[in-house]
Structures are given as C-alpha cells and as structure tokens.
Amino acid sequence: MKKQNAQAHVIEMVAAVILFIGVVLFISSFSTPPPQQNYSIVQLKTLGDDSLRTLDNTPIDNQSDAEKYHNSALVKYVATNDAPALADFLNLSLPEIVSYNIYLKNVSERNTVYSMGVSVGDTAVAHRIIVYDGNVYDVELLMWYEPR
C-alpha cells in the first residue's frame, strides 16, 4: 500500500512540474512592449526650450571665443555653422524617441541648419532668440515623435 502511495506522489509531482514549466513557457511567449515614455506636445516643447536655453547658457572654455560669441555655446555653434556639435548636444538632451529639425531664421530668410527628415504627426516647436554680429536670429527646433 505504501508503494502505491509513493508512486502516486511521484506522478503528482511530475505532473505539477510539467504544468509549471508549461505555464512559464506560455507566459514567456508574450512579448512586452519596450518602455517608451511619450510626452505631450506641451511637454515636448518644454524639453526643447530647456535644451536650447541650456545650450545658450553653456559657457565657452576658450577666453577669446567667449568674448566673440557672448560666452554662449549656442551662439558659437550658430555663428560657425557647427551643426554637428549642435546636433550632438540635442541628441544627448532630448529623448531618443524624438526626432527634430533645426532652423535658423533672420529677418529675410529661414535656413535649415540640421534636418532628420520630414516631421510625422504632431510637432512641437521650441525657439531661442540670439544676437550675433548686430543681427537677431531665431533658432527654431521642430520636434516630433519618431525614433532616431
């Protein structure tokens, strides 16, 4: 009689282990979406404004350049047409799910400084006004949700 009870317990344990493994395999077959935080358009505009303001307030290390470019990294990047440095800073300061284009506007024209492509869906626009060499420029950052 004890032998039959022991065999029944072994069979029950094997069945429980098989059931447990089956449940784990079934649950693991579902893929979880990657965690992406979507911001509202207002929050996205705030992120862009903060990035441009931070870059404008970032001092320049070189003392002679500091006087020439009003001690602002943004003014230096715009004045020297250093789009790669400007894009590198924005790539670090904006979420990876945000693509953007950078435009430079003055009184008579709007020039594309850096472009990631055509905006998709809703867009947010951040601005920063700078003065350099007697001219007033509007640095415009157009942002939309699309992974870079």
# chains A, B, ... in the order shown; residues from 1 in each chain; ligands from 1
>>> select_by_dssp(residues="chain A", states="alpha helix (DSSP H)", output="NGL selection string")
:A and (2-28 or 41-56 or 63-68 or 73-79 or 83-93)
>>> select_by_dssp(residues="chain A", states="strand (DSSP E)", output="PyMOL selection string")
chain A and resi 98-105+110-115+123-132+135-145
>>> write_last_selection(atoms="N, CA and C atoms", output="tab-separated table (two decimals), in the first residue's frame")
chain	number	residue	atom	x	y	z
A	98	VAL	N	12.52	61.10	-29.92
A	98	VAL	CA	12.19	62.40	-30.51
A	98	VAL	C	13.16	62.71	-31.64
A	99	SER	N	12.62	62.98	-32.82
A	99	SER	CA	13.41	63.46	-33.95
A	99	SER	C	13.19	64.96	-34.07
A	100	TYR	N	14.09	65.61	-34.77
A	100	TYR	CA	13.98	67.07	-34.83
A	100	TYR	C	14.68	67.62	-36.07
A	101	ASN	N	14.30	68.82	-36.43
A	101	ASN	CA	14.98	69.64	-37.42
A	101	ASN	C	15.32	70.96	-36.75
A	102	ILE	N	16.44	71.54	-37.17
A	102	ILE	CA	16.86	72.82	-36.62
A	102	ILE	C	16.85	73.85	-37.76
A	103	TYR	N	16.20	74.98	-37.52
A	103	TYR	CA	16.14	76.06	-38.50
A	103	TYR	C	16.71	77.32	-37.88
A	104	LEU	N	17.31	78.13	-38.71
A	104	LEU	CA	17.82	79.43	-38.28
A	104	LEU	C	17.10	80.49	-39.10
A	105	LYS	N	16.39	81.38	-38.41
A	105	LYS	CA	15.64	82.42	-39.10
A	105	LYS	C	16.21	83.78	-38.74
A	110	ARG	N	14.68	81.85	-43.87
A	110	ARG	CA	14.72	80.73	-42.93
A	110	ARG	C	15.60	79.66	-43.55
A	111	ASN	N	16.70	79.32	-42.88
A	111	ASN	CA	17.64	78.33	-43.38
A	111	ASN	C	17.59	77.07	-42.53
A	112	THR	N	17.66	75.92	-43.19
A	112	THR	CA	17.74	74.66	-42.48
A	112	THR	C	19.18	74.44	-42.04
A	113	VAL	N	19.39	74.29	-40.75
A	113	VAL	CA	20.73	74.06	-40.21
A	113	VAL	C	21.01	72.58	-40.13
A	114	TYR	N	20.01	71.80	-39.66
A	114	TYR	CA	20.17	70.36	-39.49
A	114	TYR	C	18.80	69.73	-39.68
A	115	SER	N	18.73	68.64	-40.45
A	115	SER	CA	17.45	68.01	-40.72
A	115	SER	C	17.55	66.50	-40.54
A	123	THR	N	3.67	68.05	-34.09
A	123	THR	CA	5.01	68.60	-33.88
A	123	THR	C	4.97	69.66	-32.79
A	124	ALA	N	6.11	69.85	-32.17
A	124	ALA	CA	6.29	70.92	-31.20
A	124	ALA	C	7.44	71.78	-31.68
A	125	VAL	N	7.35	73.07	-31.44
A	125	VAL	CA	8.39	74.00	-31.89
A	125	VAL	C	8.91	74.77	-30.69
A	126	ALA	N	10.23	74.72	-30.52
A	126	ALA	CA	10.90	75.50	-29.48
A	126	ALA	C	11.74	76.58	-30.15
A	127	HIS	N	11.86	77.72	-29.51
A	127	HIS	CA	12.60	78.85	-30.08
A	127	HIS	C	13.61	79.37	-29.06
A	128	ARG	N	14.66	79.95	-29.59
A	128	ARG	CA	15.61	80.71	-28.77
A	128	ARG	C	16.12	81.85	-29.62
A	129	ILE	N	15.96	83.07	-29.14
A	129	ILE	CA	16.41	84.27	-29.85
A	129	ILE	C	17.86	84.55	-29.41
A	130	ILE	N	18.74	84.75	-30.40
A	130	ILE	CA	20.13	85.10	-30.09
A	130	ILE	C	20.52	86.32	-30.93
A	131	VAL	N	21.52	87.03	-30.45
A	131	VAL	CA	22.04	88.19	-31.17
A	131	VAL	C	23.52	87.92	-31.43
A	132	TYR	N	23.92	88.11	-32.69
A	132	TYR	CA	25.32	87.93	-33.03
A	132	TYR	C	25.67	88.87	-34.17
A	135	ASN	N	23.08	91.14	-35.70
A	135	ASN	CA	21.88	90.52	-36.28
A	135	ASN	C	21.13	89.73	-35.21
A	136	VAL	N	19.83	89.70	-35.36
A	136	VAL	CA	18.98	88.93	-34.46
A	136	VAL	C	18.56	87.66	-35.18
A	137	TYR	N	18.78	86.52	-34.53
A	137	TYR	CA	18.44	85.22	-35.11
A	137	TYR	C	17.46	84.49	-34.20
A	138	ASP	N	16.59	83.72	-34.83
A	138	ASP	CA	15.67	82.85	-34.11
A	138	ASP	C	16.08	81.42	-34.41
A	139	VAL	N	16.58	80.72	-33.40
A	139	VAL	CA	16.91	79.30	-33.55
A	139	VAL	C	15.63	78.53	-33.27
A	140	GLU	N	15.17	77.81	-34.28
A	140	GLU	CA	13.90	77.10	-34.18
A	140	GLU	C	14.17	75.60	-34.17
A	141	LEU	N	13.61	74.92	-33.20
A	141	LEU	CA	13.77	73.47	-33.05
A	141	LEU	C	12.40	72.83	-33.24
A	142	LEU	N	12.20	72.14	-34.36
A	142	LEU	CA	10.95	71.46	-34.68
A	142	LEU	C	11.09	70.00	-34.27
A	143	MET	N	10.22	69.51	-33.38
A	143	MET	CA	10.34	68.16	-32.82
A	143	MET	C	9.07	67.34	-33.06
A	144	TRP	N	9.25	66.03	-33.24
A	144	TRP	CA	8.13	65.10	-33.39
A	144	TRP	C	8.57	63.74	-32.88
A	145	TYR	N	7.58	62.86	-32.67
A	145	TYR	CA	7.86	61.51	-32.16
A	145	TYR	C	8.20	60.57	-33.30
>>> atom_distance(atom1="atom CA of A:Ser72", atom2="atom CA of A:Arg148")
26.8 Å
